[in-house]
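Taking it in order: structure first as structure tokens, then the write-up.
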Amino acid sequence: MNNIKTRFAPSPTGYLHIGGARTALFNYVYAKHNGGKFVLRIEDTDLERSEKIFEEDIIESLKWLSIISDEEIIRQSNRLEIYGSYIDKLLKEGKAYYCFCSKELLEEDRNRLIAENKKPMYAGRCRELKPGEELLKTPHVIRFKVNRDSSASTVFKDLIRNQLISVDNKEIDDFVLVREDGIPTYNFAVVIDDALSGITCVIRGDDHVSNTPKQIMLYNALGFNAPEFAHVSMILGQDGKRLSKRHGATSVNQYKKEGFLPEALVNYLIRLGWSHGNDEILSMEEIIKYFDLKNISKSAAIFNTEKLLWLNSHYIKSKDPFILIGLINDITDDSQSRLNVDIKTAAIVDSLKSRSKTLVELRQKLDFFVNETIEYKPQVMNEFNFNENDLVFLKSFKEFILGLDDKIFIKENALESLKVSIESIKNEFNDFLSKKGWTMKEKAMLIRLAFAGEKVSPPIYEIIFALGKERCVKRIELFSGYLSSIKIYNSKF
RNA sequence: GGCCCCAUAGUCUAGCGGUCAGGACGUUGCCCUCUCACGGCAGUAACACGGGUUCGAAUCCCGUUGGGGCUGCCA
């Protein structure tokens, strides 16, 4: 009966990026799988770089991904007294010490060691110092006194590799616990908070493995039980380098704006490094049901937008068109461009959803329907050789549209009745064509150009329904006029 | 440079001593078809290299190479 508790502890020094989102996701689903708790902690001890807007972005982005903290969110900046009491304890017990070395001096040391091809480490000048009250009034930091016994090493088990990682203490610096300004450093604050919050398992990025021995030493020095550790590999860009801005979109919020669904991002991120047999499509519920640290990959993974797009199109396809309209409106800043929530818009969205990989793409494809006027682009129109017969057809087609029963176009906001309408338009239209001895294949492109001004559009019956009689007729007339005008133009030469 | 970690197709991965090395994205071809998609079918492509251990190695061990991380009073 061990109550699992995990956490995600980002520093608010940037927007939530996909690497962080994946780490948060792993922590969240691991806790949920085990019936445990997941908590969020904001590590804002770097006063220089932390910003409130980043904190808000992180919380919002996680919420969008359905990753919610089970407890009130902790901010390290509110806990300075707590850290103070523990530092006093370490100082009193001789496990930490004051260091008065100037930054300039340390910089010199470092440069010298690097020049000598040695590992840059603190020389330990102040290790045995017993500072008097006067000296304590001068600038200083507090360092941890690492056990320097010649054979001492620090060992921990990594749950991802399922093996022990051992680091010789001589590789570990007497690292700083409290800065000159009195603010604790990451390695110190993280241990206090994880211990006090009762975190049982720390799942974090690979880049923290070298911090883990330091933290274990602190757990031991403070008399806390250390949690378990699981270091997940990092996400790399297409070039195999660490993911950064130059690889394109990296923040979760940016993906939202570009028309990705949270389900798709969650599904993609969890599969990037974790697997459950051959399953590719996984809902949050399924992920929680099956998730296991044992099935996390040890190696770094390259972020592949193609697969994310595939997942996104999958989730778009499976959504109700009315819901899609809402989602598109959610990411539309300009109130002028908002979509109407009605059956006609839904009809086009329903048709376009299997043709779009993102919500943004879907919205763009909707332009021909939303905009009142359509443009006849020369680069599109020049590909066709129009003739008199086309005008004859359009005239006849207009009559057909006008002759359609008005009842076909009046529908409740129900997708089922929509299908019936489209079916009857299809039947009527096929009758019309066969009576005239025309075929769909030869006439479809002309109609498409008239209605959409593009070579690509949703199926014609669906457009007829969505546009309605009046707009159809208007577009046929405009297009006929356009054809006549280019005919006149051509005849001059 | 030092320390730590990693290594199956272009990419994500399954595999856990005996498999025709499986799936997915991508890509190619075909079918469907009013366009484009969707969908269906088929194809393409991998165990980094070298030593061991073993009757037998993608799987275990060692080395090489390659990649990543850390080496801050950042997290």
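By order in the structure tokens, chains are A, B, ...; within a chain, residues start at 1; ligands start at 1, following the order shown.
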Contacts of Met381 of chain A within 9 Å, only C-alpha atoms (C1' of nucleotides), excl. fewer than 6 positions in-chain, as a list in words:
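Once the nearby chain positions are removed, what remains is Leu449, Gly453 and Glu454 of chain A.
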As an MDAnalysis selection string, please: the residues near segment 144-152 of chain A (cut-off 8 Å, only C-alpha atoms (C1' of nucleotides), same-chain neighbours under 6 positions excluded).
chainID A and resid 94:97 127 168:170 172:177 217
Go through B:G29, B:G50, B:G18, B:G39 one by one, measure the shortest atom-to-atom distance of each to chain A using only C-alpha atoms (C1' of nucleotides), and give the residue with the smallest value.
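Ranked by minimum distance to chain A, first place goes to B:G39.
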Rank A:Thr23, A:Asn34, A:Ser351, A:Asn111 by their smallest atom-to-atom distance to chain B, using only C-alpha atoms (C1' of nucleotides), and report the top residue only.
A:Ser351
Could you tell me which residues of chain A sit within 6 Å of chain B when counting only C-alpha atoms (C1' of nucleotides), and give me the result as a ChimeraX atom specification?
/A:117,119,179,207,210,278,299,307,354-355,440-441,444,456
Would you write out those residues with all heavy atoms, as a short mmCIF file (atom, residue, chain, number, x, y, z; two decimals), in the first residue's frame?
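Here's the written file again.cif:
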data_model
loop_
_atom_site.label_atom_id
_atom_site.label_comp_id
_atom_site.auth_asym_id
_atom_site.auth_seq_id
_atom_site.Cartn_x
_atom_site.Cartn_y
_atom_site.Cartn_z
N ASN A 117 43.08 21.52 -18.46
CA ASN A 117 42.31 20.34 -18.86
C ASN A 117 41.79 19.54 -17.68
O ASN A 117 41.69 18.31 -17.73
CB ASN A 117 43.15 19.44 -19.78
CG ASN A 117 42.51 19.36 -21.14
OD1 ASN A 117 41.30 19.51 -21.28
ND2 ASN A 117 43.31 19.12 -22.16
N LYS A 119 38.74 19.17 -14.53
CA LYS A 119 37.34 19.46 -14.27
C LYS A 119 37.23 20.69 -13.37
O LYS A 119 37.83 20.72 -12.29
CB LYS A 119 36.69 18.26 -13.58
CG LYS A 119 35.22 18.46 -13.29
CD LYS A 119 34.57 17.15 -12.86
CE LYS A 119 33.09 17.38 -12.64
NZ LYS A 119 32.33 16.17 -12.90
N ARG A 179 22.40 31.29 -2.32
CA ARG A 179 23.13 32.32 -3.06
C ARG A 179 23.49 33.51 -2.16
O ARG A 179 22.98 33.64 -1.05
CB ARG A 179 22.27 32.86 -4.20
CG ARG A 179 21.86 31.88 -5.25
CD ARG A 179 20.94 32.64 -6.19
NE ARG A 179 20.55 31.87 -7.34
CZ ARG A 179 19.49 31.07 -7.39
NH1 ARG A 179 18.72 30.92 -6.33
NH2 ARG A 179 19.20 30.42 -8.49
N ASP A 207 18.51 15.37 -18.38
CA ASP A 207 19.50 16.40 -18.08
C ASP A 207 19.71 16.59 -16.58
O ASP A 207 20.58 17.33 -16.17
CB ASP A 207 19.12 17.72 -18.76
CG ASP A 207 17.68 18.12 -18.51
OD1 ASP A 207 16.89 17.25 -18.11
OD2 ASP A 207 17.35 19.29 -18.72
N SER A 210 22.84 14.24 -13.49
CA SER A 210 24.03 14.65 -12.74
C SER A 210 23.68 15.44 -11.48
O SER A 210 24.52 15.63 -10.61
CB SER A 210 24.95 15.47 -13.63
OG SER A 210 24.24 16.56 -14.17
N ASN A 278 1.50 -2.60 -30.01
CA ASN A 278 1.39 -1.92 -31.29
C ASN A 278 0.36 -0.80 -31.29
O ASN A 278 0.03 -0.26 -32.33
CB ASN A 278 1.03 -2.92 -32.39
CG ASN A 278 2.23 -3.76 -32.81
OD1 ASN A 278 3.37 -3.33 -32.65
ND2 ASN A 278 1.98 -4.93 -33.33
N SER A 299 16.40 5.72 -24.94
CA SER A 299 17.13 6.61 -25.85
C SER A 299 16.33 7.86 -26.19
O SER A 299 15.11 7.89 -26.11
CB SER A 299 17.51 5.86 -27.11
OG SER A 299 16.40 5.17 -27.61
N LYS A 307 4.16 12.81 -37.96
CA LYS A 307 3.33 11.88 -37.20
C LYS A 307 2.33 12.61 -36.31
O LYS A 307 1.21 12.16 -36.11
CB LYS A 307 4.20 10.93 -36.37
CG LYS A 307 3.40 9.81 -35.73
CD LYS A 307 4.22 8.61 -35.43
CE LYS A 307 3.33 7.49 -34.89
NZ LYS A 307 4.11 6.29 -34.54
N SER A 354 -12.12 15.60 -42.94
CA SER A 354 -11.22 14.52 -43.35
C SER A 354 -10.21 15.01 -44.37
O SER A 354 -9.39 14.25 -44.88
CB SER A 354 -12.01 13.34 -43.91
OG SER A 354 -12.65 13.75 -45.10
N ARG A 355 -10.29 16.29 -44.70
CA ARG A 355 -9.34 16.87 -45.66
C ARG A 355 -8.37 17.82 -44.98
O ARG A 355 -7.62 18.52 -45.65
CB ARG A 355 -10.12 17.67 -46.72
CG ARG A 355 -10.92 16.80 -47.66
CD ARG A 355 -12.14 17.56 -48.18
NE ARG A 355 -13.31 16.69 -48.21
CZ ARG A 355 -13.67 15.97 -49.27
NH1 ARG A 355 -13.02 16.07 -50.38
NH2 ARG A 355 -14.70 15.15 -49.21
N MET A 440 -21.48 13.46 -64.69
CA MET A 440 -20.89 14.17 -63.55
C MET A 440 -19.43 14.48 -63.82
O MET A 440 -18.94 15.57 -63.55
CB MET A 440 -21.03 13.30 -62.31
CG MET A 440 -20.60 13.96 -61.04
SD MET A 440 -21.58 15.43 -60.65
CE MET A 440 -21.09 15.71 -58.96
N LYS A 441 -18.74 13.48 -64.34
CA LYS A 441 -17.31 13.62 -64.55
C LYS A 441 -16.96 14.83 -65.41
O LYS A 441 -16.04 15.58 -65.11
CB LYS A 441 -16.77 12.34 -65.20
CG LYS A 441 -15.31 12.07 -64.90
CD LYS A 441 -14.89 10.71 -65.43
CE LYS A 441 -13.47 10.38 -64.97
NZ LYS A 441 -13.39 10.15 -63.52
N ALA A 444 -18.44 18.31 -63.40
CA ALA A 444 -18.13 18.61 -61.99
C ALA A 444 -17.14 19.76 -61.83
O ALA A 444 -17.33 20.64 -60.98
CB ALA A 444 -17.58 17.36 -61.31
N VAL A 456 -10.10 22.39 -56.14
CA VAL A 456 -10.36 21.45 -55.04
C VAL A 456 -11.46 22.01 -54.16
O VAL A 456 -11.43 23.19 -53.80
CB VAL A 456 -9.09 21.23 -54.21
CG1 VAL A 456 -9.38 20.35 -53.01
CG2 VAL A 456 -8.00 20.61 -55.07
#
Within 10 Å of segment 326-331 of chain A, counting only C-alpha atoms (C1' of nucleotides), which residues qualify if same-chain residues fewer than 5 places away don't, as an NGL selection string?
:A and (256-261 or 321 or 337-341 or 358-360 or 362-363)
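Separating atom CA of Asn211 of chain A from atom CA of Val191 of chain A is a distance of 10.9 Å.
For Ala301 of chain A, the non-local neighbours within 12 Å, defined as residues at least 6 positions apart in the same chain or in other chains and counting only C-alpha atoms (C1' of nucleotides), are Gly19, Arg22, Asp206, Val232, Ser233, Met234, Ile235, Leu236, Gly237, Gln238, Asp239, Gly240, Lys241, Arg242, Leu243, Tyr268, Leu269, Ile270, Arg271, Leu272, Gly273 and Trp274 of chain A; C6, A7, U11, C12, U13, G67 and G68 of chain B.
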Please provide the set of residues having any atom within 9 Å of Thr212 of chain A, restricted to only C-alpha atoms (C1' of nucleotides), with same-chain residues fewer than 3 positions apart removed, written as a short mmCIF file (atom, residue, chain, number, x, y, z; two decimals) with N, CA and C atoms, in the first residue's frame.
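Below is the file selection.cif, written as the result:
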data_model
loop_
_atom_site.label_atom_id
_atom_site.label_comp_id
_atom_site.auth_asym_id
_atom_site.auth_seq_id
_atom_site.Cartn_x
_atom_site.Cartn_y
_atom_site.Cartn_z
N PHE A 156 22.35 5.60 -6.90
CA PHE A 156 20.88 5.57 -6.91
C PHE A 156 20.41 4.69 -8.04
N ASN A 187 19.04 22.89 -6.48
CA ASN A 187 19.32 21.59 -5.86
C ASN A 187 18.89 21.51 -4.41
N HIS A 208 18.90 15.90 -15.78
CA HIS A 208 19.05 16.04 -14.33
C HIS A 208 19.83 14.91 -13.68
N VAL A 209 20.25 13.92 -14.46
CA VAL A 209 20.95 12.79 -13.82
C VAL A 209 22.14 13.23 -12.99
N GLN A 215 21.48 15.64 -4.86
CA GLN A 215 20.22 15.69 -4.12
C GLN A 215 20.12 14.53 -3.13
N ILE A 216 20.64 13.37 -3.53
CA ILE A 216 20.63 12.22 -2.61
C ILE A 216 21.45 12.55 -1.37
N MET A 217 22.59 13.19 -1.59
CA MET A 217 23.43 13.58 -0.45
C MET A 217 22.64 14.49 0.50
N PHE A 229 13.78 7.62 -8.49
CA PHE A 229 14.08 8.52 -9.60
C PHE A 229 13.90 7.82 -10.94
#
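The coordinates place atom CA of Gly20 of chain A at 12.4 Å from atom CA of Ser244 of chain A.
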Computed interatomic separation between atom CA of Pro10 of chain A and atom CA of Pro262 of chain A (Å)
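According to the coordinates, atom CA of Pro10 of chain A and atom CA of Pro262 of chain A are separated by 19.8 Å.
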Test item: residues at most 10 Å from Lys37 of chain A, only C-alpha atoms (C1' of nucleotides), excluding those fewer than 4 positions along its chain, as an NGL selection string
:A and (3-7 or 27-33 or 69-71 or 199-200)
With N, CA and C atoms retained, could you export that selection as a CSV table (one decimal), in the first residue's frame?
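File produced: selection28.csv:
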chain,number,residue,atom,x,y,z
A,3,ASN,N,1.4,4.9,-1.3
A,3,ASN,CA,0.7,6.0,-2.1
A,3,ASN,C,1.6,6.8,-2.9
A,4,ILE,N,1.5,6.5,-4.2
A,4,ILE,CA,2.4,7.2,-5.2
A,4,ILE,C,2.0,8.7,-5.3
A,5,LYS,N,3.0,9.5,-5.3
A,5,LYS,CA,2.8,10.9,-5.5
A,5,LYS,C,4.0,11.4,-6.4
A,6,THR,N,3.6,12.1,-7.5
A,6,THR,CA,4.5,12.6,-8.4
A,6,THR,C,4.4,14.1,-8.5
A,7,ARG,N,5.3,14.7,-9.2
A,7,ARG,CA,5.2,16.2,-9.4
A,7,ARG,C,5.8,16.6,-10.7
A,27,ASN,N,4.6,12.1,-15.5
A,27,ASN,CA,4.3,12.2,-14.0
A,27,ASN,C,2.8,12.0,-13.7
A,28,TYR,N,2.0,12.7,-14.5
A,28,TYR,CA,0.6,12.7,-14.3
A,28,TYR,C,0.0,11.3,-14.5
A,29,VAL,N,0.3,10.7,-15.6
A,29,VAL,CA,-0.3,9.3,-15.9
A,29,VAL,C,0.3,8.3,-15.0
A,30,TYR,N,1.5,8.4,-14.6
A,30,TYR,CA,2.1,7.4,-13.6
A,30,TYR,C,1.4,7.5,-12.3
A,31,ALA,N,1.1,8.7,-11.8
A,31,ALA,CA,0.4,8.8,-10.6
A,31,ALA,C,-1.0,8.3,-10.7
A,32,LYS,N,-1.7,8.7,-11.8
A,32,LYS,CA,-3.1,8.2,-12.0
A,32,LYS,C,-3.2,6.7,-12.2
A,33,HIS,N,-2.2,6.2,-12.9
A,33,HIS,CA,-2.2,4.7,-13.1
A,33,HIS,C,-2.2,4.0,-11.8
A,69,SER,N,-3.2,19.7,-11.4
A,69,SER,CA,-2.6,19.4,-10.1
A,69,SER,C,-3.7,18.9,-9.1
A,70,ASP,N,-3.4,17.9,-8.3
A,70,ASP,CA,-4.4,17.4,-7.4
A,70,ASP,C,-4.3,18.3,-6.1
A,71,GLU,N,-3.3,19.1,-5.9
A,71,GLU,CA,-3.2,19.9,-4.7
A,71,GLU,C,-2.9,21.4,-5.2
A,199,ILE,N,6.7,13.5,-2.0
A,199,ILE,CA,6.9,12.9,-3.4
A,199,ILE,C,7.6,11.6,-3.3
A,200,THR,N,7.0,10.6,-3.9
A,200,THR,CA,7.5,9.2,-3.9
A,200,THR,C,8.4,8.9,-5.1
Neighbour list for U64 of chain B as a list of chain:residue names, cut-off 12 Å, only C-alpha atoms (C1' of nucleotides), skip fewer than 3 positions in-chain
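Neighbouring residues, sequence-local ones excluded: B:A48, B:C49, B:G50, B:G51.
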Just to be explicit: take each residue in the selection above, keep N, CA and C atoms (P, O5', C5', C4', C3', O3' and C1' of nucleotides), and write the result as a short mmCIF file (atom, residue, chain, number, x, y, z; two decimals), in the first residue's frame.
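The new file result39.cif reads:
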data_model
loop_
_atom_site.label_atom_id
_atom_site.label_comp_id
_atom_site.auth_asym_id
_atom_site.auth_seq_id
_atom_site.Cartn_x
_atom_site.Cartn_y
_atom_site.Cartn_z
P A B 48 22.38 -1.93 -34.42
"O5'" A B 48 23.50 -1.62 -35.52
"C5'" A B 48 23.19 -0.86 -36.68
"C4'" A B 48 24.47 -0.24 -37.19
"C3'" A B 48 25.70 -1.16 -37.06
"O3'" A B 48 25.85 -1.96 -38.23
"C1'" A B 48 26.17 0.95 -36.09
P C B 49 26.35 -3.47 -38.06
"O5'" C B 49 27.91 -3.30 -37.82
"C5'" C B 49 28.72 -2.66 -38.81
"C4'" C B 49 30.11 -2.46 -38.25
"C3'" C B 49 30.73 -3.71 -37.64
"O3'" C B 49 31.33 -4.52 -38.62
"C1'" C B 49 31.00 -1.88 -36.15
P G B 50 31.41 -6.11 -38.40
"O5'" G B 50 32.51 -6.23 -37.26
"C5'" G B 50 33.85 -5.80 -37.53
"C4'" G B 50 34.68 -5.95 -36.29
"C3'" G B 50 34.53 -7.28 -35.56
"O3'" G B 50 35.26 -8.31 -36.19
"C1'" G B 50 34.50 -5.52 -34.00
P G B 51 35.04 -9.82 -35.77
"O5'" G B 51 36.01 -9.92 -34.52
"C5'" G B 51 35.83 -10.96 -33.58
"C4'" G B 51 36.37 -10.53 -32.24
"C3'" G B 51 35.92 -11.43 -31.11
"O3'" G B 51 36.77 -12.56 -31.01
"C1'" G B 51 35.45 -9.21 -30.53
#
Write out as a ChimeraX atom specification the set of residues from segment 25-240 of chain A that DSSP, computed on the backbone, places in alpha helix (DSSP H).
/A:25-33,52-64,80-92,103-115,133-136,186-197,212-222
Which of segment 95-172 of chain A end up as strand (DSSP E or B) when DSSP is run on this backbone - answer as a list in words?
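Checking each residue of segment 95-172 of chain A, the strand (DSSP E or B) ones are Ala96, Tyr97, Tyr98, Cys99, Val141, Ile142, Arg143, Phe144, Ser153, Thr154, Val155, Phe156, Lys157, Asp158, Gln163, Leu164, Ile165, Ser166, Val167 and Asp168 of chain A.
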Would you save the residues of that selection, restricted to N, CA, C and O atoms, as an mmCIF file, in the first residue's frame?
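Saved file selection-v8.cif follows:
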data_model
loop_
_atom_site.group_PDB
_atom_site.id
_atom_site.type_symbol
_atom_site.label_atom_id
_atom_site.label_comp_id
_atom_site.auth_asym_id
_atom_site.auth_seq_id
_atom_site.Cartn_x
_atom_site.Cartn_y
_atom_site.Cartn_z
ATOM 1 N N ALA A 96 27.155 21.956 6.123
ATOM 2 C CA ALA A 96 27.238 23.031 5.132
ATOM 3 C C ALA A 96 28.134 24.106 5.720
ATOM 4 O O ALA A 96 28.365 24.123 6.932
ATOM 5 N N TYR A 97 28.654 24.937 4.859
ATOM 6 C CA TYR A 97 29.552 25.981 5.371
ATOM 7 C C TYR A 97 29.442 27.266 4.564
ATOM 8 O O TYR A 97 29.000 27.260 3.421
ATOM 9 N N TYR A 98 29.852 28.356 5.211
ATOM 10 C CA TYR A 98 29.854 29.664 4.544
ATOM 11 C C TYR A 98 31.059 29.772 3.632
ATOM 12 O O TYR A 98 32.137 29.288 3.971
ATOM 13 N N CYS A 99 30.844 30.381 2.482
ATOM 14 C CA CYS A 99 31.951 30.572 1.538
ATOM 15 C C CYS A 99 31.993 32.042 1.135
ATOM 16 O O CYS A 99 30.992 32.606 0.703
ATOM 17 N N VAL A 141 28.126 32.937 0.253
ATOM 18 C CA VAL A 141 27.126 31.921 -0.116
ATOM 19 C C VAL A 141 27.248 30.789 0.891
ATOM 20 O O VAL A 141 28.137 30.807 1.748
ATOM 21 N N ILE A 142 26.353 29.829 0.811
ATOM 22 C CA ILE A 142 26.475 28.648 1.672
ATOM 23 C C ILE A 142 26.628 27.421 0.785
ATOM 24 O O ILE A 142 25.865 27.239 -0.163
ATOM 25 N N ARG A 143 27.640 26.656 1.065
ATOM 26 C CA ARG A 143 27.916 25.460 0.257
ATOM 27 C C ARG A 143 27.677 24.187 1.040
ATOM 28 O O ARG A 143 27.788 24.166 2.263
ATOM 29 N N PHE A 144 27.401 23.134 0.311
ATOM 30 C CA PHE A 144 27.248 21.813 0.923
ATOM 31 C C PHE A 144 28.617 21.174 1.059
ATOM 32 O O PHE A 144 29.448 21.271 0.160
ATOM 33 N N SER A 153 31.244 7.227 -2.684
ATOM 34 C CA SER A 153 30.486 7.416 -3.917
ATOM 35 C C SER A 153 28.993 7.464 -3.577
ATOM 36 O O SER A 153 28.587 7.067 -2.494
ATOM 37 N N THR A 154 28.214 7.973 -4.496
ATOM 38 C CA THR A 154 26.777 8.086 -4.276
ATOM 39 C C THR A 154 26.064 7.277 -5.357
ATOM 40 O O THR A 154 26.382 7.390 -6.539
ATOM 41 N N VAL A 155 25.136 6.462 -4.897
ATOM 42 C CA VAL A 155 24.489 5.514 -5.805
ATOM 43 C C VAL A 155 22.975 5.688 -5.751
ATOM 44 O O VAL A 155 22.412 5.938 -4.700
ATOM 45 N N PHE A 156 22.350 5.596 -6.905
ATOM 46 C CA PHE A 156 20.881 5.572 -6.911
ATOM 47 C C PHE A 156 20.411 4.688 -8.040
ATOM 48 O O PHE A 156 21.137 4.418 -8.994
ATOM 49 N N LYS A 157 19.168 4.246 -7.901
ATOM 50 C CA LYS A 157 18.600 3.394 -8.933
ATOM 51 C C LYS A 157 17.737 4.244 -9.854
ATOM 52 O O LYS A 157 16.923 5.037 -9.382
ATOM 53 N N ASP A 158 17.949 4.057 -11.131
ATOM 54 C CA ASP A 158 17.117 4.775 -12.094
ATOM 55 C C ASP A 158 16.051 3.823 -12.613
ATOM 56 O O ASP A 158 16.352 2.746 -13.135
ATOM 57 N N GLN A 163 18.551 0.226 -13.432
ATOM 58 C CA GLN A 163 19.894 -0.132 -12.989
ATOM 59 C C GLN A 163 20.456 0.961 -12.090
ATOM 60 O O GLN A 163 19.923 2.063 -12.014
ATOM 61 N N LEU A 164 21.533 0.616 -11.393
ATOM 62 C CA LEU A 164 22.141 1.561 -10.471
ATOM 63 C C LEU A 164 23.077 2.493 -11.222
ATOM 64 O O LEU A 164 23.800 2.068 -12.120
ATOM 65 N N ILE A 165 23.035 3.752 -10.848
ATOM 66 C CA ILE A 165 23.982 4.711 -11.390
ATOM 67 C C ILE A 165 24.839 5.175 -10.218
ATOM 68 O O ILE A 165 24.320 5.591 -9.184
ATOM 69 N N SER A 166 26.141 5.043 -10.377
ATOM 70 C CA SER A 166 27.054 5.363 -9.292
ATOM 71 C C SER A 166 27.995 6.482 -9.710
ATOM 72 O O SER A 166 28.537 6.462 -10.809
ATOM 73 N N VAL A 167 28.135 7.455 -8.851
ATOM 74 C CA VAL A 167 29.040 8.560 -9.159
ATOM 75 C C VAL A 167 30.012 8.741 -7.999
ATOM 76 O O VAL A 167 29.597 8.785 -6.835
ATOM 77 N N ASP A 168 31.306 8.805 -8.308
ATOM 78 C CA ASP A 168 32.305 9.040 -7.267
ATOM 79 C C ASP A 168 32.120 10.437 -6.698
ATOM 80 O O ASP A 168 31.928 11.391 -7.445
#
